[in-house]
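S.K.: What follows is query_7.txt, made up of compact mmCIF, C-alpha atoms and all ligand atoms:
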```txt
# COMPACT_ATOMS: atom_id res chain seq x y z
CA MET A 1 -1.49 1.59 36.92
CA ILE A 2 -4.57 2.12 34.72
CA ASN A 3 -7.48 3.70 36.59
CA THR A 4 -10.40 1.33 35.86
CA SER A 5 -13.24 3.25 37.46
CA LEU A 6 -13.68 6.04 34.90
CA LYS A 7 -17.06 6.99 33.42
CA PRO A 8 -17.46 6.74 29.61
CA ASP A 9 -17.30 10.56 29.25
CA GLU A 10 -14.16 10.71 31.33
CA VAL A 11 -12.52 7.92 29.41
CA LEU A 12 -13.33 9.61 26.09
CA GLU A 13 -11.90 12.88 27.36
CA GLU A 14 -8.74 11.09 28.36
CA LEU A 15 -8.53 9.41 24.94
CA ARG A 16 -9.00 12.79 23.19
CA ARG A 17 -6.14 14.16 25.21
CA LEU A 18 -3.92 11.19 24.36
CA ARG A 19 -4.73 11.42 20.66
CA LEU A 20 -3.97 15.14 20.62
CA SER A 21 -0.47 14.60 21.89
CA ASP A 22 0.26 11.99 19.20
CA PRO A 23 1.35 13.47 15.83
CA SER A 24 -1.25 15.26 13.73
CA TYR A 25 -1.78 14.83 10.00
CA LEU A 26 -3.61 18.11 9.57
CA ASP A 27 -0.90 20.15 11.29
CA GLY A 28 1.62 18.89 8.76
CA GLU A 29 3.50 16.71 11.22
CA VAL A 30 3.03 13.25 9.67
CA LEU A 31 5.32 13.31 6.64
CA GLY A 32 6.80 9.85 6.18
CA SER A 33 3.88 7.54 6.90
CA MET A 34 1.71 6.08 4.14
CA SER A 35 -1.48 6.66 6.12
CA THR A 36 -3.55 9.82 6.07
CA GLU A 37 -6.35 11.71 7.82
CA ALA A 38 -9.51 10.10 6.46
CA PRO A 39 -12.35 12.52 5.74
CA GLN A 40 -15.07 12.51 8.38
CA TYR A 41 -17.73 11.02 6.09
CA LEU A 42 -15.57 7.91 5.70
CA VAL A 43 -15.06 7.62 9.43
CA LYS A 44 -18.84 7.94 9.81
CA ALA A 45 -19.40 5.28 7.14
CA TYR A 46 -17.02 2.99 9.00
CA GLU A 47 -18.78 3.65 12.28
CA LEU A 48 -22.21 2.82 10.82
CA PHE A 49 -21.04 -0.73 10.03
CA ILE A 50 -18.56 -1.14 12.85
CA ASN A 51 -20.47 -3.96 14.52
CA THR A 52 -21.14 -5.99 11.39
CA ASN A 53 -19.15 -9.02 10.30
CA LEU A 54 -18.11 -9.44 6.68
CA ASN A 55 -17.54 -13.10 7.40
CA ASP A 56 -21.18 -13.61 8.33
CA PRO A 57 -22.79 -12.63 5.03
CA LYS A 58 -26.01 -14.55 5.69
CA LEU A 59 -26.62 -12.36 8.73
CA PHE A 60 -25.23 -9.12 7.25
CA LYS A 61 -26.34 -9.30 3.63
CA ASN A 62 -25.96 -5.60 2.91
CA THR A 63 -22.48 -5.50 4.39
CA TYR A 64 -21.48 -8.33 2.11
CA MET A 65 -23.08 -6.56 -0.85
CA LEU A 66 -20.92 -3.49 -0.11
CA GLU A 67 -17.79 -5.65 -0.19
CA ARG A 68 -18.80 -7.23 -3.51
CA GLU A 69 -19.50 -3.83 -5.07
CA CYS A 70 -16.12 -2.50 -3.92
CA ILE A 71 -14.29 -5.52 -5.30
CA SER A 72 -16.19 -5.24 -8.54
CA TRP A 73 -15.30 -1.54 -8.96
CA LEU A 74 -11.64 -2.01 -8.06
CA SER A 75 -11.38 -5.11 -10.20
CA ASN A 76 -12.82 -3.22 -13.15
CA LEU A 77 -10.14 -0.57 -12.70
CA PHE A 78 -7.50 -3.29 -13.14
CA HIS A 79 -9.34 -5.10 -15.97
CA GLY A 80 -10.26 -8.05 -13.74
CA SER A 81 -13.44 -10.09 -13.42
CA GLY A 82 -14.66 -9.11 -9.96
CA TYR A 83 -12.95 -11.61 -7.66
CA GLY A 84 -11.19 -10.91 -4.38
CA PHE A 85 -11.72 -9.63 -0.85
CA LEU A 86 -11.37 -6.57 1.28
CA THR A 87 -8.71 -7.01 3.94
CA TYR A 88 -7.18 -5.16 6.86
CA GLY A 89 -4.11 -3.93 5.00
CA GLY A 90 -1.42 -4.45 2.40
CA SER A 91 0.33 -7.03 4.56
CA GLU A 92 -2.78 -9.18 4.93
CA SER A 93 -3.48 -8.88 1.20
CA ASN A 94 0.09 -9.91 0.33
CA ILE A 95 0.15 -12.82 2.79
CA THR A 96 -3.20 -14.06 1.46
CA ALA A 97 -2.05 -13.75 -2.15
CA LEU A 98 1.08 -15.79 -1.52
CA TYR A 99 -0.95 -18.37 0.39
CA ILE A 100 -3.41 -18.70 -2.52
CA LEU A 101 -0.65 -18.95 -5.13
CA ARG A 102 1.27 -21.48 -3.07
CA GLU A 103 -1.89 -23.62 -2.79
CA TYR A 104 -2.67 -23.20 -6.48
CA THR A 105 0.79 -24.07 -7.81
CA GLY A 106 2.18 -26.31 -5.07
CA GLY A 107 5.31 -24.17 -5.47
CA GLU A 108 7.93 -23.58 -2.82
CA VAL A 109 9.84 -20.57 -4.13
CA VAL A 110 8.97 -16.88 -4.53
CA VAL A 111 11.14 -14.74 -6.79
CA ALA A 112 11.07 -10.98 -6.24
CA PRO A 113 13.27 -7.95 -6.79
CA ALA A 114 15.06 -6.74 -3.65
CA SER A 115 12.58 -3.84 -3.52
CA ALA A 116 9.74 -6.12 -2.30
CA HIS A 117 8.00 -4.87 0.83
CA VAL A 118 8.76 -6.56 4.17
CA SER A 119 5.29 -8.13 4.15
CA ILE A 120 6.47 -10.36 1.28
CA ARG A 121 9.36 -11.54 3.46
CA LYS A 122 6.88 -12.01 6.31
CA ALA A 123 4.53 -14.00 4.07
CA CYS A 124 7.35 -16.28 2.93
CA LYS A 125 8.41 -16.92 6.49
CA LEU A 126 4.85 -17.71 7.61
CA LEU A 127 4.14 -19.91 4.61
CA LYS A 128 7.54 -21.63 4.57
CA LEU A 129 8.22 -20.36 1.06
CA ARG A 130 11.79 -19.64 0.00
CA LEU A 131 12.24 -16.04 -1.08
CA VAL A 132 14.84 -15.59 -3.81
CA GLU A 133 15.66 -11.94 -4.37
CA SER A 134 16.97 -10.45 -7.57
CA PRO A 135 19.11 -7.31 -7.63
CA LEU A 136 18.08 -3.79 -8.54
CA ASN A 137 20.02 -1.73 -11.07
CA ASP A 138 21.58 1.64 -10.29
CA ARG A 139 18.24 3.39 -10.95
CA PHE A 140 16.66 1.21 -8.21
CA THR A 141 14.53 -0.69 -10.73
CA PRO A 142 14.60 -4.48 -11.19
CA ASP A 143 17.27 -5.97 -13.41
CA ILE A 144 14.92 -7.81 -15.78
CA ASN A 145 17.58 -10.18 -17.12
CA ALA A 146 18.60 -11.23 -13.63
CA LEU A 147 14.95 -11.69 -12.70
CA CYS A 148 14.32 -13.80 -15.76
CA ASP A 149 17.39 -15.96 -15.02
CA LEU A 150 16.02 -16.64 -11.55
CA ILE A 151 12.58 -17.47 -12.93
CA ALA A 152 14.21 -19.92 -15.36
CA LYS A 153 16.27 -21.48 -12.60
CA HIS A 154 13.32 -21.99 -10.23
CA GLU A 155 10.51 -22.51 -12.76
CA ALA A 156 9.62 -26.03 -11.61
CA LYS A 157 9.21 -25.00 -7.96
CA LEU A 158 7.90 -21.48 -8.40
CA ALA A 159 4.86 -20.38 -6.37
CA CYS A 160 4.96 -16.90 -7.94
CA VAL A 161 6.96 -13.85 -8.87
CA VAL A 162 6.21 -10.67 -6.92
CA MET A 163 6.51 -7.23 -8.51
CA THR A 164 5.68 -3.91 -6.85
CA ALA A 165 3.66 -1.05 -8.26
CA GLY A 166 4.78 1.74 -5.98
CA THR A 167 7.87 0.67 -4.04
CA THR A 168 8.08 1.64 -0.39
CA ASP A 169 11.34 3.57 -0.68
CA LEU A 170 10.84 5.43 -3.95
CA GLY A 171 7.33 4.85 -5.27
CA ILE A 172 8.64 3.11 -8.38
CA VAL A 173 6.11 1.24 -10.51
CA GLU A 174 8.09 -1.81 -11.58
CA PRO A 175 7.85 -2.85 -15.24
CA VAL A 176 5.62 -5.91 -14.94
CA ASP A 177 4.77 -5.59 -18.64
CA ARG A 178 8.44 -5.59 -19.64
CA LEU A 179 9.20 -8.56 -17.43
CA ILE A 180 6.41 -10.57 -19.03
CA SER A 181 7.30 -9.61 -22.59
CA SER A 182 11.04 -10.26 -22.06
CA CYS A 183 10.71 -13.39 -19.99
CA CYS A 184 8.15 -15.33 -22.00
CA ASP A 185 9.68 -18.80 -22.37
CA PHE A 186 8.69 -19.93 -18.88
CA ARG A 187 5.51 -20.61 -16.95
CA TYR A 188 5.05 -18.39 -13.91
CA LEU A 189 2.36 -16.45 -12.10
CA VAL A 190 2.79 -12.87 -10.93
CA HIS A 191 1.45 -11.24 -7.78
CA VAL A 192 1.51 -7.44 -8.02
CA ASP A 193 1.90 -5.54 -4.77
CA ALA A 194 0.17 -2.29 -5.69
CA ALA A 195 -0.59 -1.53 -2.04
CA TYR A 196 0.78 1.97 -2.46
CA GLY A 197 0.50 2.67 -6.20
CA GLY A 198 -2.79 0.91 -6.92
CA LEU A 199 -5.01 3.94 -6.47
CA ILE A 200 -2.52 6.43 -7.91
CA ALA A 201 -0.74 4.90 -10.93
CA PRO A 202 -3.88 4.16 -12.99
CA PHE A 203 -4.91 7.82 -12.78
CA ILE A 204 -1.78 9.77 -13.69
CA ASN A 205 -1.26 8.99 -17.35
CA ASP A 206 -1.56 12.67 -18.21
CA LEU A 207 1.50 13.40 -16.04
CA SER A 208 3.41 10.12 -16.54
CA PRO A 209 2.49 8.75 -19.96
CA ASN A 210 4.98 5.87 -19.77
CA MET A 211 3.56 4.21 -16.69
CA PRO A 212 4.09 0.41 -16.94
CA VAL A 213 1.02 -1.81 -17.29
CA PHE A 214 0.74 -4.10 -14.27
CA ASP A 215 -2.86 -5.32 -14.22
CA PHE A 216 -4.97 -8.32 -15.30
CA ARG A 217 -4.53 -7.46 -18.99
CA LEU A 218 -1.23 -9.29 -18.55
CA SER A 219 -2.13 -12.97 -18.47
CA ASN A 220 0.55 -13.92 -15.91
CA VAL A 221 -0.87 -11.49 -13.35
CA CYS A 222 -3.07 -13.49 -10.96
CA SER A 223 -3.45 -11.19 -7.98
CA ILE A 224 -3.13 -7.52 -7.09
CA THR A 225 -2.94 -5.88 -3.67
CA VAL A 226 -4.34 -2.36 -3.46
CA ASP A 227 -4.71 -0.30 -0.29
CA LEU A 228 -7.41 2.26 0.22
CA HIS A 229 -6.00 3.35 3.56
CA LYS A 230 -2.83 4.67 1.92
CA VAL A 231 -4.69 7.39 0.03
CA VAL A 232 -8.11 8.01 1.47
CA ALA A 233 -9.79 5.52 3.81
CA PRO A 234 -9.48 5.13 7.58
CA ILE A 235 -7.10 2.35 8.67
CA PRO A 236 -7.57 -0.57 8.04
CA CYS A 237 -8.73 -0.86 4.45
CA SER A 238 -7.12 -2.84 1.63
CA ALA A 239 -8.20 -5.15 -1.16
CA LEU A 240 -6.79 -8.31 -2.65
CA LEU A 241 -8.01 -8.68 -6.24
CA LEU A 242 -7.88 -12.10 -7.86
CA ARG A 243 -8.01 -13.22 -11.46
CA SER A 244 -10.54 -16.04 -11.05
CA LYS A 245 -13.14 -17.69 -8.87
CA ASP A 246 -10.97 -20.77 -8.29
CA LEU A 247 -8.22 -18.58 -6.86
CA GLU A 248 -10.76 -16.83 -4.63
CA GLU A 249 -12.08 -20.16 -3.35
CA LEU A 250 -8.62 -21.16 -2.15
CA ALA A 251 -9.13 -18.61 0.63
CA TYR A 252 -12.46 -20.10 1.78
CA PHE A 253 -12.12 -22.07 4.99
CA ASN A 254 -14.66 -24.48 6.46
CA ALA A 255 -16.41 -23.11 9.55
CA PRO A 256 -19.34 -25.42 10.38
CA TYR A 257 -20.56 -23.16 13.21
CA MET A 258 -21.19 -20.26 10.81
CA PRO A 259 -24.54 -19.98 8.93
CA LEU A 260 -22.69 -20.08 5.59
CA GLY A 261 -20.55 -23.05 6.67
CA PHE A 262 -17.31 -21.34 5.70
CA GLN A 263 -15.35 -18.12 6.09
CA ARG A 264 -13.52 -16.07 3.53
CA THR A 265 -9.94 -14.80 4.07
CA LEU A 266 -7.41 -15.47 6.81
CA LEU A 267 -9.52 -13.71 9.44
CA GLY A 268 -12.54 -14.93 11.34
CA THR A 269 -14.64 -11.96 12.36
CA ARG A 270 -14.00 -9.21 9.79
CA CYS A 271 -15.34 -5.73 10.46
CA GLY A 272 -17.91 -4.52 7.91
CA GLY A 273 -16.74 -0.97 8.53
CA ILE A 274 -13.97 -1.48 5.97
CA ALA A 275 -16.55 -2.25 3.28
CA ALA A 276 -18.68 0.75 4.21
CA ALA A 277 -15.69 3.11 4.17
CA ALA A 278 -14.33 1.75 0.88
CA TRP A 279 -17.80 1.85 -0.69
CA ALA A 280 -18.39 5.44 0.43
CA ALA A 281 -14.98 6.54 -0.92
CA ILE A 282 -15.67 4.91 -4.28
CA LYS A 283 -19.21 6.37 -4.49
CA VAL A 284 -18.05 9.88 -3.63
CA LEU A 285 -14.77 10.04 -5.56
CA GLY A 286 -15.44 7.76 -8.51
CA ILE A 287 -12.89 7.65 -11.33
CA ASN A 288 -12.78 11.44 -11.67
CA GLY A 289 -12.26 12.08 -7.96
CA PHE A 290 -9.46 9.53 -7.70
CA LYS A 291 -7.84 10.99 -10.78
CA GLU A 292 -8.00 14.52 -9.41
CA LEU A 293 -6.54 13.36 -6.10
CA ALA A 294 -3.74 11.32 -7.69
CA MET A 295 -2.73 14.09 -10.10
CA ASP A 296 -2.76 16.62 -7.30
CA LEU A 297 -0.54 14.43 -5.09
CA VAL A 298 1.99 13.92 -7.89
CA ARG A 299 2.08 17.66 -8.64
CA ARG A 300 2.71 18.39 -4.97
CA ALA A 301 5.47 15.75 -4.85
CA ARG A 302 7.14 17.40 -7.84
CA TYR A 303 6.85 20.75 -6.12
CA LEU A 304 8.52 19.33 -3.00
CA SER A 305 11.22 17.79 -5.12
CA SER A 306 11.97 21.12 -6.86
CA LYS A 307 12.05 22.94 -3.52
CA LEU A 308 14.54 20.40 -2.15
CA ARG A 309 16.77 20.77 -5.18
CA ALA A 310 16.62 24.53 -4.80
CA LEU A 311 17.96 24.02 -1.27
CA GLY A 312 20.87 22.06 -2.72
CA VAL A 313 19.52 18.72 -1.50
CA GLU A 314 19.96 15.67 -3.75
CA VAL A 315 16.62 14.08 -4.67
CA ILE A 316 17.23 10.44 -5.54
CA LYS A 317 14.73 10.22 -8.39
CA ASP A 318 12.08 12.44 -9.97
CA PRO A 319 8.94 11.23 -8.23
CA GLU A 320 6.67 9.05 -10.42
CA LEU A 321 4.28 8.46 -7.56
CA PRO A 322 4.05 10.96 -4.68
CA ILE A 323 7.03 9.75 -2.65
CA VAL A 324 10.06 12.04 -2.45
CA THR A 325 13.29 10.44 -1.27
CA PHE A 326 16.34 12.60 -0.71
CA LYS A 327 19.88 12.44 0.62
CA VAL A 328 21.07 14.06 3.80
CA PRO A 329 24.50 13.88 5.37
CA ASN A 330 24.45 12.38 8.85
CA ARG A 331 20.94 10.99 8.52
CA GLU A 332 20.45 9.96 12.14
CA LEU A 333 21.27 13.43 13.39
CA VAL A 334 18.98 15.13 10.84
CA LEU A 335 16.14 12.67 11.47
CA ASN A 336 16.38 13.10 15.24
CA ARG A 337 16.33 16.88 14.97
CA LEU A 338 13.36 16.83 12.58
CA TRP A 339 11.47 14.49 14.92
CA ASP A 340 12.27 16.81 17.85
CA LEU A 341 10.58 19.54 15.81
CA ARG A 342 7.57 17.28 15.09
CA LYS A 343 8.42 16.80 11.43
CA TYR A 344 8.01 13.05 11.24
CA VAL A 345 9.86 11.94 8.11
CA TYR A 346 11.09 8.35 7.69
CA PRO A 347 14.37 6.68 6.77
CA THR A 348 14.53 4.37 3.74
CA SER A 349 16.66 1.31 3.04
CA ILE A 350 18.85 3.40 0.70
CA PRO A 351 21.81 4.66 2.75
CA SER A 352 21.66 8.32 3.87
CA THR A 353 18.16 8.92 2.54
CA ILE A 354 14.93 10.19 4.01
CA ARG A 355 11.45 9.86 2.58
CA VAL A 356 8.39 12.10 2.49
CA VAL A 357 5.13 10.49 1.41
CA VAL A 358 2.93 13.21 -0.04
CA GLY A 359 -0.47 12.11 1.23
CA PRO A 360 -3.67 14.14 0.91
CA HIS A 361 -2.82 16.01 4.11
CA VAL A 362 0.59 17.15 2.75
CA THR A 363 -0.56 20.41 1.20
CA TYR A 364 1.59 23.11 -0.47
CA ARG A 365 1.58 25.00 2.85
CA VAL A 366 2.80 21.91 4.70
CA ILE A 367 5.55 21.46 2.09
CA ASP A 368 6.71 25.09 2.37
CA ASP A 369 6.75 24.81 6.13
CA PHE A 370 8.74 21.55 5.99
CA ILE A 371 11.30 23.06 3.59
CA GLU A 372 11.82 25.98 5.95
CA VAL A 373 12.32 23.68 8.94
CA LEU A 374 14.66 21.38 7.00
CA ALA A 375 16.75 24.33 5.78
CA ASN A 376 17.13 25.54 9.39
CA VAL A 377 18.04 22.06 10.61
CA LEU A 378 20.70 21.58 7.92
CA ARG A 379 22.12 25.03 8.69
CA GLU A 380 22.02 24.53 12.46
CA LEU A 381 23.71 21.12 12.28
CA GLY A 382 26.19 22.37 9.73
CA VAL A 383 25.74 19.24 7.60
C1 LIG A 401 4.58 -1.65 -1.26
C2 LIG A 401 3.93 -1.97 0.05
N1 LIG A 401 3.29 -3.14 0.18
C3 LIG A 401 2.67 -3.49 1.33
C4 LIG A 401 2.68 -2.64 2.41
C5 LIG A 401 2.03 -3.08 3.70
O1 LIG A 401 0.86 -2.38 3.91
P1 LIG A 401 0.20 -2.34 5.37
O2 LIG A 401 1.13 -1.52 6.21
O3 LIG A 401 -1.12 -1.73 5.10
O4 LIG A 401 0.10 -3.74 5.85
C6 LIG A 401 3.34 -1.40 2.32
C7 LIG A 401 3.39 -0.49 3.46
O5 LIG A 401 4.08 0.47 3.50
C8 LIG A 401 3.98 -1.06 1.10
O6 LIG A 401 4.67 0.08 0.96
```
Let me see whether you can do it: turn the structure in this file into structure tokens.
Ligand SMILES: Cc1ncc(COP(=O)(O)O)c(C=O)c1O
M.R.:
Amino acid sequence: MINTSLKPDEVLEELRRLRLSDPSYLDGEVLGSMSTEAPQYLVKAYELFINTNLNDPKLFKNTYMLERECISWLSNLFHGSGYGFLTYGGSESNITALYILREYTGGEVVVAPASAHVSIRKACKLLKLRLVESPLNDRFTPDINALCDLIAKHEAKLACVVMTAGTTDLGIVEPVDRLISSCCDFRYLVHVDAAYGGLIAPFINDLSPNMPVFDFRLSNVCSITVDLHKVVAPIPCSALLLRSKDLEELAYFNAPYMPLGFQRTLLGTRCGGIAAAAWAAIKVLGINGFKELAMDLVRRARYLSSKLRALGVEVIKDPELPIVTFKVPNRELVLNRLWDLRKYVYPTSIPSTIRVVVGPHVTYRVIDDFIEVLANVLRELGV
């Protein structure tokens, strides 16, 4: 039974205690999740606007202005024209994108490589779209010919093609540019799910010079999901960027009781805290700060990968983005033991593999510590 007669101080104390016994980012425990410990100034920024509503822009003009400035900055990064919304996460952004593209095209089918995130499957289910998946090759990247054949087959009924910039299992940036240049005899729109890679891939050219282009410079690309809460911001914080105003307007919904007469996005009340946190992150980091962060994360991922190989562990792929996926015999046993030791790594959909997402809190010290624990676990279990 929950005790309902606590004083605010008591309840906060209890919440502090509960939070402390959940896993900690800063102690190097959270290793497989794509979220991170947001810096305090972003939490503060969020808190300052926590009671404002982004969907009441006549009342909260400044909150709305923050959202527009964030969208404009992010859109600029992807060579867009400043359209889109802030949302509560990659899933909401992806669902909204597929809704908009379904409305725009009248299509019924979505074609995507098998690497698409579960939120794409979720979106198709919600929107009654048929998801047609194309296979990956043995390097876990999309088979472009197979993808193009499916596009040709479904062209007349296509709502969109989905490609991922930063796959969930391996952090692969899929070759949207190659798809579009190889598959150019058909009409189709592309949604890019850059929820994970969106704030990393554009900044790491110095380390990965052959990064595929996946942004609005490619005329088929109509929408891009990019999450701020995967690299810096407090949860929730994502953006859906759109190519044009008419696409944006497809996610306006009449709401006669609101001063503006309509609401943007799938939500009703939409916390302004997300705009304040995103705005603060952009103002403080800017292009240079994001670049420094992204490069640092990739360097750390490569360090982890080399340490794993030195242990004799098979790393599935040299990390492009800061996700390191590796093979372990008897995965369930290894995962359980690591979780018992508060090293919270995640499984992937590739058999026998485990993933570490190198977020800002996964420092070199955290990596060294993890390697030591993993080595002991593998030795102890004799696997
Ligand atoms: C590629 C990709 N897209 C979308 C999402 C969904 O993001 P969220 O959990 O913020 O809804 C994820 C989450 O891991 C992801 O990896």
S.K.: Taking only C-alpha atoms and all ligand atoms into account, report as number ranges by chain which residues have an atom no farther than 10 Å from an atom of ligand LIG 401 (chain A).
M.R.: A: 33-35, 87-95, 115-120, 163-173, 192-198, 225-230, 235-238
S.K.: Point out the residue among A:Leu74, A:Leu18, A:Val190, A:Leu260 with the least atom-to-atom distance to Lys61 in chain A, counting all atoms listed in the file.
M.R.: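 Going through A:Leu74, A:Leu18, A:Val190, A:Leu260 one by one, the smallest distance to Lys61 in chain A is for A:Leu260.
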S.K.: Excluding same-chain residues fewer than 6 positions from Trp339 in chain A, what lies within 12 Å of it counting all atoms listed in the file, as a list in words?
M.R.: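 Those residues are Pro23, Glu29, Val30, Leu31, Gly32, Arg331, Glu332, Leu333, Val345, Tyr346, Pro347, Phe370, Val373, Leu374 and Val377 of chain A.
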S.K.: Which residue gives the smallest distance to Cys222 in chain A among A:Ser75, A:Gln40, A:Asn376, A:Asn145, with all atoms listed in the file counted?
M.R.: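 Under the stated criterion, the closest residue is A:Ser75.
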S.K.: Around the point (13.2, -6.8, -6.7) in the file's coordinates, collect all residues with an atom within 9 Å, using all atoms listed in the file, and return them as a PyMOL selection string.
M.R.: chain A and resi 111-116+133-136+140-143+147+162-164+174
S.K.: I want to know what sits within 10 Å of Ile274 in chain A, based on all atoms listed in the file, with residues of the same chain fewer than 4 positions away left out; could you give that as a VMD selection string?
M.R.: chain A and resid 42 to 43 45 to 47 49 to 50 54 63 66 to 67 86 to 88 228 to 229 233 to 239 270 278 to 280
S.K.: One decimal, in Å: what's the spacing between CA of Lys58 in chain A and CA of Thr96 in chain A?
M.R.: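 Answer for the CA of Lys58 in chain A to CA of Thr96 in chain A separation: 23.2 Å.
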